[in-house]
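Participant: Hey, dropping structure34.txt in here, compact mmCIF, C-alpha atoms:
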# COMPACT_ATOMS: atom_id res chain seq x y z
CA MET B 1 -0.87 -6.66 -13.09
CA PRO B 2 1.49 -6.02 -10.18
CA SER B 3 2.85 -9.12 -8.46
CA ALA B 4 1.93 -9.94 -4.88
CA ALA B 5 5.49 -9.09 -3.84
CA GLU B 6 5.32 -5.68 -5.55
CA ARG B 7 1.96 -4.92 -3.94
CA THR B 8 3.27 -5.91 -0.51
CA ARG B 9 6.46 -3.89 -0.93
CA THR B 10 4.41 -0.88 -2.07
CA LEU B 11 2.20 -1.05 1.03
CA VAL B 12 5.14 -1.45 3.41
CA GLN B 13 6.97 1.52 1.88
CA SER B 14 3.83 3.67 1.76
CA THR B 15 2.41 6.06 4.37
CA CYS B 16 -0.39 3.61 5.23
CA SER B 17 -0.95 3.05 8.94
CA SER B 18 0.76 0.06 10.53
CA VAL B 19 1.07 -1.73 13.85
CA LEU B 20 3.67 -4.21 15.05
CA LEU B 21 2.10 -7.27 16.66
CA VAL B 22 4.45 -8.48 19.40
CA PRO B 23 3.96 -11.55 21.65
CA GLY B 24 3.13 -10.45 25.18
CA LEU B 25 2.09 -6.93 24.19
CA ASP B 26 -1.48 -7.76 23.17
CA ALA B 27 -2.98 -5.50 25.85
CA LEU B 28 -1.34 -2.33 24.52
CA ARG B 29 -3.26 0.34 22.65
CA PRO B 30 -2.72 0.25 18.86
CA ASP B 31 -0.98 3.64 18.95
CA GLN B 32 1.67 2.16 21.26
CA LEU B 33 2.50 -0.41 18.57
CA MET B 34 2.71 2.04 15.65
CA PRO B 35 6.25 2.79 14.43
CA ASP B 36 7.19 6.44 13.95
CA ALA B 37 8.79 5.56 10.61
CA ARG B 38 9.43 2.53 8.43
CA THR B 39 11.37 1.73 5.31
CA VAL B 40 12.94 -1.24 3.52
CA ASP B 41 16.72 -1.52 3.28
CA THR B 42 18.80 -2.91 0.43
CA ASP B 43 18.74 -6.42 1.98
CA GLY B 44 14.94 -6.47 2.03
CA ASP B 45 14.69 -6.05 5.82
CA VAL B 46 12.06 -3.68 7.19
CA VAL B 47 13.59 -0.90 9.29
CA LEU B 48 11.31 0.51 11.99
CA VAL B 49 11.79 3.52 14.27
CA PHE B 50 10.16 3.67 17.71
CA ALA B 51 10.45 5.96 20.70
CA ALA B 52 13.37 4.77 22.85
CA ASP B 53 11.06 4.11 25.82
CA SER B 54 8.51 2.17 23.74
CA PRO B 55 7.33 -1.23 25.08
CA VAL B 56 8.26 -2.64 21.65
CA VAL B 57 11.88 -1.50 22.11
CA ARG B 58 12.00 -3.02 25.60
CA ALA B 59 10.63 -6.31 24.27
CA ALA B 60 13.22 -6.40 21.48
CA THR B 61 16.02 -5.53 23.92
CA HIS B 62 15.18 -8.35 26.32
CA ALA B 63 14.26 -11.01 23.72
CA GLN B 64 15.94 -14.39 23.97
CA ALA B 65 18.82 -14.81 21.51
CA ASP B 66 18.17 -11.22 20.43
CA GLU B 67 15.40 -12.37 18.10
CA LEU B 68 11.76 -11.53 18.74
CA PRO B 69 9.08 -13.04 16.42
CA VAL B 70 6.69 -10.29 15.29
CA VAL B 71 4.17 -9.43 12.57
CA LEU B 72 3.94 -6.02 10.92
CA GLU B 73 0.35 -5.33 9.84
CA VAL B 74 -0.19 -2.56 7.26
CA THR B 75 -3.70 -1.27 6.45
CA ASP B 76 -4.36 0.52 3.17
CA VAL B 77 -7.28 2.98 3.15
CA ALA B 78 -8.43 4.74 -0.02
CA PRO B 79 -7.49 8.45 0.08
CA VAL B 80 -10.89 9.43 -1.37
CA SER B 81 -14.33 9.06 0.20
CA VAL B 82 -15.86 5.88 -1.14
CA PRO B 83 -17.88 2.90 0.17
CA HIS B 84 -15.77 -0.01 1.44
CA ARG B 85 -12.79 2.28 1.91
CA ILE B 86 -10.22 -0.28 3.09
CA ARG B 87 -8.38 -1.35 -0.05
CA GLY B 88 -6.24 -4.03 1.51
CA ARG B 89 -3.89 -5.24 4.21
CA ALA B 90 -0.42 -6.74 4.25
CA TRP B 91 1.24 -8.80 6.96
CA VAL B 92 5.00 -9.20 7.17
CA SER B 93 6.23 -11.73 9.71
CA GLY B 94 9.77 -12.26 10.86
CA TRP B 95 12.26 -11.56 13.62
CA LEU B 96 12.91 -8.24 15.34
CA THR B 97 16.30 -7.06 16.56
CA ARG B 98 17.81 -3.74 17.59
CA ALA B 99 19.79 -2.00 14.87
CA PRO B 100 22.85 0.16 15.45
CA GLY B 101 22.49 3.92 15.33
CA ALA B 102 19.61 6.02 16.59
CA GLU B 103 18.40 9.58 16.87
CA PRO B 104 18.04 11.08 20.34
CA GLY B 105 14.96 9.59 21.95
CA ARG B 106 14.48 7.11 19.10
CA THR B 107 15.54 3.50 18.59
CA THR B 108 15.90 1.73 15.26
CA LEU B 109 14.69 -1.86 14.99
CA ARG B 110 15.21 -4.30 12.14
CA LEU B 111 12.58 -6.80 11.01
CA GLU B 112 14.18 -9.69 9.15
CA VAL B 113 11.42 -10.91 6.85
CA GLY B 114 10.39 -14.55 7.04
CA GLU B 115 7.30 -14.38 4.88
CA ALA B 116 4.51 -12.00 3.94
CA TYR B 117 0.87 -12.08 2.90
CA VAL B 118 -1.26 -9.53 1.07
CA ASP B 119 -5.06 -9.36 0.83
CA ASP B 120 -6.16 -6.48 -1.39
CA LEU B 121 -8.31 -5.51 -4.38
CA TRP B 122 -6.25 -7.85 -6.57
CA GLY B 123 -6.76 -10.88 -4.32
CA ALA B 124 -5.03 -12.74 -1.50
CA GLU B 125 -1.54 -14.19 -1.97
CA SER B 126 1.49 -15.20 0.05
CA VAL B 127 4.96 -13.76 -0.59
CA GLU B 128 8.33 -15.41 0.09
CA ALA B 129 11.11 -13.42 1.75
CA ASP B 130 13.32 -13.41 -1.37
CA GLU B 131 10.40 -12.24 -3.52
CA PHE B 132 9.77 -9.36 -1.09
CA ALA B 133 13.46 -8.42 -1.06
CA SER B 134 13.75 -8.28 -4.86
CA ALA B 135 10.44 -6.48 -5.47
CA VAL B 136 10.23 -2.76 -6.21
CA ALA B 137 7.47 -0.46 -4.96
CA ASP B 138 5.14 0.99 -7.57
CA PRO B 139 6.63 4.23 -8.97
CA LEU B 140 3.33 6.11 -8.51
CA SER B 141 2.72 5.10 -4.89
CA GLU B 142 4.41 8.16 -3.41
CA HIS B 143 1.98 10.44 -5.25
CA GLU B 144 -1.09 8.18 -5.45
CA ALA B 145 -3.14 9.97 -2.78
CA GLU B 146 -2.82 13.40 -4.38
CA LEU B 147 -3.33 11.95 -7.88
CA LEU B 148 -6.60 10.27 -6.89
CA GLN B 149 -7.83 13.34 -5.01
CA HIS B 150 -7.05 15.52 -8.04
CA LEU B 151 -8.84 13.15 -10.42
CA HIS B 152 -11.86 13.03 -8.12
CA SER B 153 -12.14 16.78 -7.62
CA ALA B 154 -11.02 18.17 -10.98
CA HIS B 155 -11.81 15.41 -13.50
CA SER B 156 -14.91 13.65 -12.13
CA ALA B 157 -16.77 14.11 -15.44
CA GLU B 158 -13.98 12.46 -17.42
CA VAL B 159 -13.71 9.61 -14.88
CA SER B 160 -17.47 9.06 -15.10
CA MET B 161 -17.22 8.87 -18.91
CA LEU B 162 -14.96 5.83 -18.58
CA ARG B 163 -18.09 3.71 -18.08
CA SER B 164 -18.52 3.92 -21.87
CA LEU B 165 -15.50 1.59 -22.14
CA LEU B 166 -17.23 -1.15 -20.14
CA GLY B 167 -19.27 -2.51 -23.00
CA GLY B 168 -22.65 -3.70 -21.81
CA ARG B 169 -21.83 -3.43 -18.11
CA THR B 170 -23.75 -0.57 -16.52
CA GLY B 171 -24.82 0.52 -13.06
CA GLY B 172 -23.54 2.75 -10.33
CA THR B 173 -24.59 6.34 -9.87
CA ALA B 174 -21.13 7.80 -9.28
CA ALA B 175 -17.62 7.01 -10.44
CA VAL B 176 -14.80 7.39 -7.92
CA PRO B 177 -11.12 6.77 -8.77
CA VAL B 178 -10.04 4.38 -6.03
CA GLY B 179 -6.57 3.28 -7.12
CA VAL B 180 -3.87 4.05 -9.65
CA ASP B 181 -0.62 2.22 -10.34
CA ARG B 182 1.82 1.86 -13.20
CA PHE B 183 -0.49 -0.59 -14.97
CA GLY B 184 -3.76 1.33 -14.89
CA LEU B 185 -6.62 3.06 -13.07
CA ARG B 186 -9.23 1.44 -10.84
CA VAL B 187 -12.64 3.13 -10.60
CA ARG B 188 -15.41 2.26 -8.17
CA PHE B 189 -18.91 2.74 -9.54
CA THR B 190 -21.10 3.28 -6.50
CA GLY B 191 -24.83 3.16 -5.89
CA ALA B 192 -27.33 0.30 -5.77
CA ASN B 193 -25.01 -1.73 -7.99
CA CYS B 194 -21.48 -1.12 -6.63
CA PHE B 195 -18.54 -2.57 -8.52
CA ASP B 196 -14.91 -1.88 -9.46
CA ALA B 197 -13.57 -1.63 -12.98
CA ARG B 198 -9.93 -1.61 -14.11
CA PHE B 199 -8.82 0.52 -17.03
CA ASP B 200 -5.41 -0.66 -18.20
CA PHE B 201 -2.88 1.70 -19.74
CA PRO B 202 -1.51 0.75 -23.19
CA GLU B 203 1.81 0.08 -21.45
CA PRO B 204 3.09 0.45 -17.86
CA VAL B 205 4.03 4.02 -16.94
CA ARG B 206 7.24 4.98 -15.18
CA GLY B 207 6.28 8.32 -13.69
CA ILE B 208 3.92 11.29 -13.60
CA ALA B 209 4.67 12.53 -17.14
CA GLU B 210 3.87 9.14 -18.67
CA LEU B 211 0.79 8.85 -16.42
CA ARG B 212 -0.60 12.12 -17.80
CA ARG B 213 -0.29 10.81 -21.35
CA ALA B 214 -1.88 7.49 -20.40
CA MET B 215 -4.80 9.23 -18.66
CA HIS B 216 -5.41 11.49 -21.68
CA ALA B 217 -5.45 8.40 -23.89
CA LEU B 218 -8.07 6.78 -21.63
CA PHE B 219 -10.24 9.88 -21.57
CA ASP B 220 -9.96 10.31 -25.35
CA ALA B 221 -11.01 6.69 -25.88
CA ALA B 222 -14.00 7.16 -23.57
CA SER B 223 -15.15 10.32 -25.37
CA ARG B 224 -15.22 8.70 -28.81
Taking this structure as input, can you express it in the form of structure tokens?
Facilitator:
Amino acid sequence: MPSAAERTRTLVQSTCSSVLLVPGLDALRPDQLMPDARTVDTDGDVVLVFAADSPVVRAATHAQADELPVVLEVTDVAPVSVPHRIRGRAWVSGWLTRAPGAEPGRTTLRLEVGEAYVDDLWGAESVEADEFASAVADPLSEHEAELLQHLHSAHSAEVSMLRSLLGGRTGGTAAVPVGVDRFGLRVRFTGANCFDARFDFPEPVRGIAELRRAMHALFDAASR
């Protein structure tokens, strides 16, 4: 299974929505606290881009000792329609400073990570700064939304057949692919008895080509 650090890094580098929680800016609307872009640099710091006139930029500019304690909250929502759609959240806390270089009308801020915490479908765990810095995002995360949507719309019969691999566990009237990563596929069986099941790949995949082979192997096993 992916480590807590890998899951956190994947969420931070994803397109999931995020807000930056800043002391003294609690009264702002959530959209005023949402960065226009975010990424993670080679040192493991989170780089955030805000409008130059953003209250967050002003707070970082006027912070004492040029360090503003903040928390970046990332919310992960399943890209397919399914009950209990929020798959998880990650919180990255640390210190915010202005970074050199900016586009016109934009300011780049740097969040030096102190610690992180993830609460998702795998469980809740804390992450140290060095673990976050050395982790690598899941190689499928960039394409996960379109992969799940394609599985749901074009291969729903095959996904539903995966229940045959669950042994005696039955229930659920529909099968919805709710997550895919390099280790396997997660399916939510919905209905009166709603539950998730993980279907592990024979070995971790490194990209789309290997994912296709792994999915065909799963479907073949389910059809036998």
Participant: Could you tell me which of B:Val187, B:Val178, B:Val47, B:Ile86 comes closest to Gly101 (chain B) if we count only C-alpha atoms?
Facilitator: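 Of all the options, B:Val47 lies closest to Gly101 (chain B).
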Participant: For Asp181 (chain B), which residue among B:Ala157, B:Val46, B:Ala90, B:Leu148 is the nearest when counting only C-alpha atoms?
Facilitator: B:Leu148
Participant: With a distance cut-off of 12 Å and all atoms listed in the file, select the neighbouring residues of Pro104 (chain B), excluding the residue or stretch itself and same-chain residues fewer than 5 positions from it, and output the selection as an MDAnalysis selection string.
Facilitator: chainID B and resid 49:53
Participant: Using only C-alpha atoms, determine which residues lie at most 12 Å from Val136 (chain B), disregarding the query and same-chain residues fewer than 5 positions distant; provide the list as JSON, numbers by chain.
Facilitator: {"B": [2, 3, 4, 5, 6, 7, 8, 9, 10, 11, 12, 13, 40, 41, 42, 44, 131, 141, 182]}
Participant: Under the rule that only C-alpha atoms are counted, which of B:Leu165, B:Leu211, B:Val70, B:Val56 is the nearest residue to Ser223 (chain B)?
Facilitator: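 Of B:Leu165, B:Leu211, B:Val70, B:Val56, the one nearest Ser223 (chain B), counting only C-alpha atoms, is B:Leu165.
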Participant: Measuring atom to atom with only C-alpha atoms, identify which of B:Glu146, B:Asp36, B:Asp45, B:Glu128 is nearest to Glu112 (chain B).
Facilitator: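 Of B:Glu146, B:Asp36, B:Asp45, B:Glu128, the one nearest Glu112 (chain B), counting only C-alpha atoms, is B:Asp45.
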Participant: Pick out the closest residue to Arg186 (chain B) from this set: B:Glu144, B:Asp26, B:Glu203, B:Glu67. Count only C-alpha atoms.
Facilitator: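 Of B:Glu144, B:Asp26, B:Glu203, B:Glu67, the one nearest Arg186 (chain B), counting only C-alpha atoms, is B:Glu144.
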Participant: Which residue out of B:Ala154, B:Val176, B:Leu111, B:Ala214 has the minimum interatomic distance to Arg85 (chain B) when only C-alpha atoms are used?
Facilitator: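 Ranking B:Ala154, B:Val176, B:Leu111, B:Ala214 by distance to Arg85 (chain B), first place goes to B:Val176.
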Participant: Just give me the gap between CA of Gly123 (chain B) and CA of Met1 (chain B) in Å, one decimal is fine.
Facilitator: 11.4 Å
Participant: Give as a PyMOL selection string the set of residues within 7 Å of the point (5.3, -10.2, 19.7), where distances use the file's coordinates and all atoms listed in the file.
Facilitator: chain B and resi 21-25+68-70
Participant: To one decimal place in Å, what is the distance between CA of Gln149 (chain B) and CA of Ala37 (chain B)?
Facilitator: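 Atom-to-atom, CA of Gln149 (chain B) to CA of Ala37 (chain B), that is 24.1 Å.
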Participant: Work out how far CA of Ala192 (chain B) is from CA of Ala175 (chain B), in Å to one decimal.
Facilitator: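 Going from CA of Ala175 (chain B) over to CA of Ala192 (chain B), I get 12.7 Å.
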Participant: Find the residues near Phe195 (chain B): any atom within 12 Å, counting only C-alpha atoms, skip ones fewer than 5 places away on the same chain, and give them as number ranges by chain.
Facilitator: B: 82-84, 121, 163, 166, 169-178, 186-190
